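The structure appears below as structure tokens.
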Amino acid sequence: MTEFSLQLNEDQLQLQSWVHEFAETVLRPAGEEWDEREETPWPIIQEAAKIGLYGMDFMAQALMGDPTGLTLPVTIEELFWGDAGIGLSIFGSGLAAAGIAGAGTPEQVMEWVPQCYGDADDVKLGAFCVSEPDAGSDVSSLRTRAVYDQASDEWVLNGTKAWITNGGIANIHVVVASVDLELKGRGQASFIIPPNTKGLSQGQKYKKHGIRASHTAEVVLEDVRVPGACLLGGKDKLDARLAKARDHQRTGEKQPAMATFESTRPAVAAMAVGIARAAYEYSRDYAKERQAFGKPIIMNQAIAFMLADMATEIDASRLLVWRAAWLANNGGYTNAEGSMCKLKAGRTATWVTERAIQILGGYGYVREYPVERFHRDAKIMDIFEGTEQIQQLVISRAISGMRIE
Ligand SMILES: Cc1cc2nc3c(=O)[nH]c(=O)nc-3n(C[C@H](O)[C@H](O)[C@H](O)COP(=O)(O)OP(=O)(O)OC[C@H]3O[C@@H](n4cnc5c(N)ncnc54)[C@H](O)[C@@H]3O)c2cc1C
């Protein structure tokens, strides 16, 4: 077990300052433009790939070469400090990669994860498709079906996925579908939909409140046929799991979607910390400059104390993120620490960005200044990868040992 330390090591400090520079010089200046365009910022993803920040190698290094678990949250915080919409365009593929890494065999990971990223000359995206129009928080109620066709050794998928980051524009779609509706969450499995597979199409593209540079759309699956090898984990493992579930035995395995979301919660919480820090720093600097009643507004306790609270909430959130990230790499969560960090950091981002608008007054409310965008971007942190209430549900069950509804 690696010792938990708040002191980042030399490699992490270097990485942090390298990513910060990229965020400051590339993401921050481009944030407003891509928010207005509401389009995937392909040139910036390409730039990130060129410098080695977007790709399988980076993710592998950040995840596997780091026993402390802190490298990824540190990187993500800096990127999202730069801009959240563009940050998500760069990190969205990571969710698909995590879905593959969590459920796939080593061979499947090696085959499909690189295809979620492409390379610097031809960048690609990945999408992780769980949510449906009638099943968001309640992932056990997915209606998308996967039926095995023994004659051709193929799986046939039908259904509609909702709210999918990179949905329809991704090279690789990882789809969680039900193979046995009666078993609910225990009857689900994850499938790779390879590039250009017939029957997969993009439905509506959502017009969003925030993170507008990140593409979010429906994914429609109509008689999508994929080879048997596209079932993550393989058929033998699935059959054994289903047999146990039908026998009402506990399999010890998590629902595929839940397992992925749990592992990515500290990463999502780090996004929230990055947005909150951006808003806090911007409003702090503004408060030192802006004069009212003959002095900088920060000279009023009402403003200075707000900033003091903002700084404290951000630090508290980051500490929870680092604890969860460290635990995830060192023995696992014991008390829903992943959910705790996501709950706290999401709320912090929403609250801090709202306070930042308050500090800027009228200037905080207009698009000329970035804090209104930070606030719009922040709200998603209370919603995706498990809403505030779902995190509370997970935490309350963990602390009580009871099945709180
Ligand atoms: C921009 C964006 C990107 C997304 N990206 C992806 C993606 O890449 N892949 C993917 O699969 N999904 C993605 N999602 C979907 C996201 O995870 C869901 O929106 C989220 O899980 C909530 O589901 P829902 O919208 O159906 O809300 P619902 O589940 O309908 O919830 C509505 C409200 O009811 C509350 N609620 C529900 N159940 C309970 C309960 N048991 N107890 C108390 N309160 C409850 C919720 O907290 C919420 O406040 C994305 C969503 C957005 C908006």
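Chains: A, B, ... in order of the structure tokens. Residues: from 1 per chain. Ligands: from 1, in order shown.
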To test your reading of the structure, identify every residue in region 257-377 of chain A that backbone DSSP assigns to strand (DSSP E), and report it as a PDB file with N, CA and C atoms, in the first residue's frame.
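Output below, filename out_9.pdb:
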ATOM      1  N   GLN A 291     -13.378  48.714  -7.643  1.00  0.00           N
ATOM      2  CA  GLN A 291     -13.550  49.723  -6.595  1.00  0.00           C
ATOM      3  C   GLN A 291     -15.021  50.074  -6.423  1.00  0.00           C
ATOM      4  N   ALA A 292     -15.459  50.173  -5.199  1.00  0.00           N
ATOM      5  CA  ALA A 292     -16.796  50.717  -4.902  1.00  0.00           C
ATOM      6  C   ALA A 292     -16.679  51.463  -3.579  1.00  0.00           C
ATOM      7  N   LYS A 295     -12.961  52.071  -2.397  1.00  0.00           N
ATOM      8  CA  LYS A 295     -11.966  51.047  -2.029  1.00  0.00           C
ATOM      9  C   LYS A 295     -12.276  49.744  -2.764  1.00  0.00           C
ATOM     10  N   PRO A 296     -11.263  48.862  -2.862  1.00  0.00           N
ATOM     11  CA  PRO A 296     -11.526  47.576  -3.528  1.00  0.00           C
ATOM     12  C   PRO A 296     -12.628  46.822  -2.778  1.00  0.00           C
TER      13      PRO A 296
END
Going by DSSP on the backbone, which residues of region 46-292 of chain A come out as helix (DSSP H, G or I)? List them as a PyMOL selection string.
chain A and resi 46-50+56-64+71-82+84-103+106-112+114-116+139-141+181-187+228-230+235-246+256-289
Taking only C-alpha atoms and all ligand atoms and a cut-off of 9 Å, can you tell me which residues surround ligand 1, written as a ChimeraX atom specification?
/A:92-93,95-96,127-139,161-167,175-176,206,208-212,214-217,257,380,382-393,405
Filtering to C-alpha atoms, could you give me those residues as a short mmCIF file (atom, residue, chain, number, x, y, z; two decimals), in the first residue's frame?
data_model
loop_
_atom_site.label_atom_id
_atom_site.label_comp_id
_atom_site.auth_asym_id
_atom_site.auth_seq_id
_atom_site.Cartn_x
_atom_site.Cartn_y
_atom_site.Cartn_z
CA GLY A 92 -15.21 12.16 -22.31
CA SER A 93 -13.54 9.25 -24.06
CA LEU A 95 -15.50 7.05 -19.52
CA ALA A 96 -15.74 4.66 -22.47
CA ALA A 127 -18.80 7.06 -25.80
CA PHE A 128 -20.16 5.18 -22.80
CA CYS A 129 -23.86 4.55 -23.34
CA VAL A 130 -25.90 3.65 -20.30
CA SER A 131 -28.69 6.20 -19.70
CA GLU A 132 -32.00 5.90 -21.50
CA PRO A 133 -35.00 8.21 -21.81
CA ASP A 134 -36.76 6.25 -19.03
CA ALA A 135 -33.75 5.01 -17.08
CA GLY A 136 -31.23 7.52 -15.81
CA SER A 137 -30.67 7.16 -12.07
CA ASP A 138 -32.42 3.81 -12.16
CA VAL A 139 -29.89 1.96 -14.28
CA LYS A 161 -29.72 5.65 -25.28
CA ALA A 162 -30.16 9.20 -23.96
CA TRP A 163 -27.72 11.94 -22.92
CA ILE A 164 -24.63 10.27 -24.32
CA THR A 165 -21.41 12.28 -24.26
CA ASN A 166 -19.88 11.91 -27.76
CA GLY A 167 -22.95 9.85 -28.75
CA VAL A 175 -23.30 0.06 -24.79
CA VAL A 176 -24.74 -1.40 -21.60
CA TYR A 206 -29.27 18.22 -26.98
CA LYS A 208 -27.61 22.38 -23.16
CA HIS A 209 -27.39 24.86 -20.28
CA GLY A 210 -23.62 24.38 -19.88
CA ILE A 211 -20.58 22.35 -21.02
CA ARG A 212 -21.82 23.24 -24.47
CA SER A 214 -19.13 18.83 -25.23
CA HIS A 215 -21.39 16.90 -27.61
CA THR A 216 -24.37 15.18 -25.95
CA ALA A 217 -26.86 13.21 -28.03
CA ALA A 257 -22.61 0.49 -15.36
CA ILE A 380 -23.93 19.25 -14.54
CA ASP A 382 -24.70 17.63 -9.52
CA ILE A 383 -26.39 15.58 -12.22
CA PHE A 384 -24.29 13.24 -14.33
CA GLU A 385 -22.50 10.10 -13.15
CA GLY A 386 -25.05 9.86 -10.37
CA THR A 387 -27.15 12.81 -9.21
CA GLU A 388 -26.75 14.45 -5.81
CA GLN A 389 -29.60 12.27 -4.48
CA ILE A 390 -28.11 9.06 -5.86
CA GLN A 391 -24.80 9.83 -4.12
CA GLN A 392 -26.75 10.43 -0.91
CA LEU A 393 -28.47 7.09 -1.43
CA GLU A 405 -35.04 3.77 -0.42
#
Pick from A:Phe191, A:Tyr365, A:Trp81, A:Trp155: nearest to Thr25 (chain A), with only C-alpha atoms counted?
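Nearest to Thr25 (chain A): A:Trp81.
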How far is it from CA of Gly126 (chain A) to CA of Lys207 (chain A), in Å with one decimal?
20.3 Å
Residues near region 183-187 of chain A, anyone? I mean within 8 Å using only C-alpha atoms, not counting same-chain ones fewer than 5 positions away, as a list in words.
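Near neighbours after the sequence-gap exclusion: Val139, Ser140, Ser141, Leu142, Ser178, Leu242, Ala245, Arg246, Lys254 and Gln255 of chain A.
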Nearest to Val26 (chain A), chosen from A:Leu8, A:Ala304, A:Ala269, A:Leu79, with only C-alpha atoms counted in the distances:
A:Leu79
